[in-house]
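A short write-up of the structure that comes next.
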Amino acid sequence: MQSVGFKEWAVVCDAIARGEQTIILRKGGIAEGRAGFQFKHDAFFLFPTAYHAQVEKTRGSRREIPAQREGEIELRVFAKVEFAELVTSWEAAERLEPFHIWTHDVVRERFDYANAPGIHVAFIRAFRLSQPWIIPDLPAYGGCRSWVNLPELRNEISLVPVLDDAEYESRRARVQAIIDRAAPATTTC
């Protein structure tokens with residue numbers, strides 16, 4: 001079975017691995033296709049990317065781009081999407097701040113991008129790999145795309161939840177409540 005990688009800033013991958021971030025925010029990029037960005041997979045490895053300004057665009061004092069060896073990608077986190085929504089309420093997007101490390105300005109910029117207000121939000125259950133999975137950095141992983149196909153995972157790597165069950169459930173309920181409050185009301189006749 002082919003493994004899938006989700007390209008994300010290395011500092012965000014690191015924050016997810018430490019339990020500081022439990023949602024993924026995405027607007028979409030130039031290589032997302034006609035339909036735009038979608039969470040196409042419900043389980044994936046976080047594929048860390050090096051973007052020179054990512055530290056300045058995140059909050060927190062422990063921000064630095066984790067070192068990578070030349071020619072290699074080190075995967076340390078596996079994620080399962082518990083639920084995903086397109087949030088079109090700016091107030092709801094603001095209320096999600098405790099669950100991610102992006103600055104207010106970055107979220108606003110992404111939210112307003114391309115005259116289509118909104119941002120995709122996925123609440124994830126993150127798992128640390130029992131040991132880093134190191135793969136060669138191939139040209140196929142380049143470009144402005146969110147998803148990349150990875151080689152098959154070695155069997156000796158196991159997964160350990162980043163958050164204990166109680167903290168995970170608490171965050172899940174809080175994020176779901178924010179999204180539910182932002183959903184447009186439906187009327188019945």
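Letters A, B, ... mark the chains of the structure tokens in the order given; residue numbers begin at 1 per chain; ligand numbers begin at 1, in order shown.
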Which neighbours of Arg95 of chain A fall inside 10 Å, counting only C-alpha atoms, when residues of the same chain fewer than 4 positions from it are skipped, and could you give them as number ranges by chain?
A: 90-91, 99, 174-175, 178-179
As an MDAnalysis selection string, please: every residue in segment 2-175 of chain A that DSSP puts in helix (DSSP H, G or I).
chainID A and resid 10:18 90:95 97:99 104:115 139:141 165:175
Can you spit out the residues from that selection as a compact mmCIF listing (two decimals), in the first residue's frame, using C-alpha atoms?
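File again_19.txt, as written:
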# COMPACT_ATOMS: atom_id res chain seq x y z
CA ALA A 10 8.54 22.14 9.35
CA VAL A 11 7.80 24.39 12.37
CA VAL A 12 4.14 23.36 12.21
CA CYS A 13 5.08 19.67 11.97
CA ASP A 14 7.27 20.16 15.03
CA ALA A 15 4.45 21.90 16.94
CA ILE A 16 2.08 19.04 16.09
CA ALA A 17 4.68 16.51 17.27
CA ARG A 18 4.88 18.36 20.62
CA TRP A 90 -13.76 34.98 10.16
CA GLU A 91 -14.92 35.02 13.80
CA ALA A 92 -14.74 31.22 13.91
CA ALA A 93 -11.30 31.22 12.28
CA GLU A 94 -10.13 33.64 15.00
CA ARG A 95 -11.55 31.42 17.77
CA GLU A 97 -6.20 30.39 17.51
CA PRO A 98 -5.50 28.24 20.63
CA PHE A 99 -5.22 25.16 18.41
CA HIS A 104 -3.19 36.29 13.24
CA ASP A 105 -1.95 38.01 10.06
CA VAL A 106 -1.09 34.73 8.32
CA VAL A 107 -4.52 33.26 9.08
CA ARG A 108 -6.22 36.45 7.86
CA GLU A 109 -4.14 36.49 4.67
CA ARG A 110 -5.00 32.86 3.93
CA PHE A 111 -8.65 33.35 4.88
CA ASP A 112 -9.05 36.27 2.43
CA TYR A 113 -6.93 34.81 -0.40
CA ALA A 114 -8.40 34.78 -3.93
CA ASN A 115 -11.65 36.62 -3.21
CA PRO A 139 12.43 15.83 -7.24
CA ALA A 140 8.91 14.33 -7.21
CA TYR A 141 8.37 15.89 -3.77
CA ASP A 165 -7.07 10.46 25.33
CA ALA A 166 -8.51 13.00 27.80
CA GLU A 167 -6.64 16.00 26.34
CA TYR A 168 -7.37 14.85 22.80
CA GLU A 169 -11.14 14.55 23.52
CA SER A 170 -11.19 17.95 25.25
CA ARG A 171 -9.58 19.67 22.26
CA ARG A 172 -11.80 17.80 19.82
CA ALA A 173 -14.95 18.96 21.62
CA ARG A 174 -13.74 22.58 21.77
CA VAL A 175 -12.81 22.73 18.07
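Using only C-alpha atoms, the shortest contact distance between Leu96 of chain A and any of A:Asn149, A:Ser3, A:Gln176, A:Asn155 is found at A:Gln176.
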Return as a PyMOL selection string the full set of residues in segment 99-141 of chain A whose backbone-based DSSP assignment is strand (DSSP E).
chain A and resi 119-136
May I have the selected residues written with N, CA and C atoms, as a PDB file, in the first residue's frame?
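To be explicit, this is the file written out as result.pdb:
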ATOM      1  N   ILE A 119     -11.272  29.176   5.048  1.00  0.00           N
ATOM      2  CA  ILE A 119     -10.064  28.392   5.223  1.00  0.00           C
ATOM      3  C   ILE A 119     -10.467  26.973   5.606  1.00  0.00           C
ATOM      4  N   HIS A 120      -9.765  25.999   5.041  1.00  0.00           N
ATOM      5  CA  HIS A 120     -10.019  24.595   5.375  1.00  0.00           C
ATOM      6  C   HIS A 120      -9.373  24.290   6.721  1.00  0.00           C
ATOM      7  N   VAL A 121     -10.129  23.615   7.564  1.00  0.00           N
ATOM      8  CA  VAL A 121      -9.654  23.245   8.896  1.00  0.00           C
ATOM      9  C   VAL A 121      -9.849  21.741   9.062  1.00  0.00           C
ATOM     10  N   ALA A 122      -8.787  21.073   9.464  1.00  0.00           N
ATOM     11  CA  ALA A 122      -8.885  19.645   9.790  1.00  0.00           C
ATOM     12  C   ALA A 122      -8.427  19.456  11.229  1.00  0.00           C
ATOM     13  N   PHE A 123      -9.266  18.815  12.018  1.00  0.00           N
ATOM     14  CA  PHE A 123      -8.859  18.426  13.367  1.00  0.00           C
ATOM     15  C   PHE A 123      -8.228  17.050  13.233  1.00  0.00           C
ATOM     16  N   ILE A 124      -6.998  16.922  13.763  1.00  0.00           N
ATOM     17  CA  ILE A 124      -6.250  15.675  13.573  1.00  0.00           C
ATOM     18  C   ILE A 124      -5.917  15.008  14.897  1.00  0.00           C
ATOM     19  N   ARG A 125      -5.752  13.710  14.825  1.00  0.00           N
ATOM     20  CA  ARG A 125      -5.132  12.946  15.916  1.00  0.00           C
ATOM     21  C   ARG A 125      -3.724  12.648  15.435  1.00  0.00           C
ATOM     22  N   ALA A 126      -2.746  13.188  16.137  1.00  0.00           N
ATOM     23  CA  ALA A 126      -1.352  13.041  15.728  1.00  0.00           C
ATOM     24  C   ALA A 126      -0.673  11.917  16.505  1.00  0.00           C
ATOM     25  N   PHE A 127       0.231  11.242  15.816  1.00  0.00           N
ATOM     26  CA  PHE A 127       1.003  10.144  16.396  1.00  0.00           C
ATOM     27  C   PHE A 127       2.475  10.357  16.065  1.00  0.00           C
ATOM     28  N   ARG A 128       3.328  10.222  17.053  1.00  0.00           N
ATOM     29  CA  ARG A 128       4.771  10.249  16.827  1.00  0.00           C
ATOM     30  C   ARG A 128       5.203   8.874  16.331  1.00  0.00           C
ATOM     31  N   LEU A 129       6.116   8.857  15.393  1.00  0.00           N
ATOM     32  CA  LEU A 129       6.697   7.590  14.956  1.00  0.00           C
ATOM     33  C   LEU A 129       7.697   7.139  16.023  1.00  0.00           C
ATOM     34  N   SER A 130       7.745   5.849  16.291  1.00  0.00           N
ATOM     35  CA  SER A 130       8.655   5.322  17.314  1.00  0.00           C
ATOM     36  C   SER A 130      10.113   5.627  16.989  1.00  0.00           C
ATOM     37  N   GLN A 131      10.401   5.838  15.723  1.00  0.00           N
ATOM     38  CA  GLN A 131      11.717   6.283  15.268  1.00  0.00           C
ATOM     39  C   GLN A 131      11.502   7.070  13.981  1.00  0.00           C
ATOM     40  N   PRO A 132      12.352   8.036  13.688  1.00  0.00           N
ATOM     41  CA  PRO A 132      12.167   8.800  12.448  1.00  0.00           C
ATOM     42  C   PRO A 132      12.201   7.894  11.221  1.00  0.00           C
ATOM     43  N   TRP A 133      11.361   8.219  10.261  1.00  0.00           N
ATOM     44  CA  TRP A 133      11.358   7.527   8.979  1.00  0.00           C
ATOM     45  C   TRP A 133      12.103   8.429   8.006  1.00  0.00           C
ATOM     46  N   ILE A 134      13.268   8.025   7.582  1.00  0.00           N
ATOM     47  CA  ILE A 134      14.111   8.850   6.720  1.00  0.00           C
ATOM     48  C   ILE A 134      14.013   8.323   5.298  1.00  0.00           C
ATOM     49  N   ILE A 135      13.627   9.233   4.399  1.00  0.00           N
ATOM     50  CA  ILE A 135      13.486   8.882   2.987  1.00  0.00           C
ATOM     51  C   ILE A 135      14.347   9.836   2.165  1.00  0.00           C
ATOM     52  N   PRO A 136      14.755   9.428   0.969  1.00  0.00           N
ATOM     53  CA  PRO A 136      15.526  10.353   0.125  1.00  0.00           C
ATOM     54  C   PRO A 136      14.635  11.497  -0.366  1.00  0.00           C
TER      55      PRO A 136
END
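Each of A:Phe45, A:Val55, A:Thr88, A:His100 was compared to Leu159 of chain A using only C-alpha atoms, and A:Phe45 turns out to be the nearest.
You can rank A:Gly71, A:Gly143, A:Gly60, A:Gly118 by their closest distance to Lys7 of chain A using only C-alpha atoms, and at the top of that list sits A:Gly143.
With only C-alpha atoms as the basis for measurement, A:Ile73 is the residue among A:Gln68, A:Arg59, A:Ile73, A:Ser89 that approaches Leu150 of chain A most closely.
Checking A:Val81, A:Leu163, A:Ala50, A:Ala182 one by one against Glu20 of chain A, counting only C-alpha atoms, you find the shortest gap at A:Leu163.
Using only C-alpha atoms, the shortest contact distance between Val162 of chain A and any of A:Lys40, A:Arg69, A:Lys27, A:Lys80 is found at A:Lys80.
Atom CA of Gly5 of chain A sits 11.8 Å away from atom CA of Phe39 of chain A.
What separates atom CA of Asp42 of chain A from atom CA of Ser146 of chain A is a distance of 13.6 Å.
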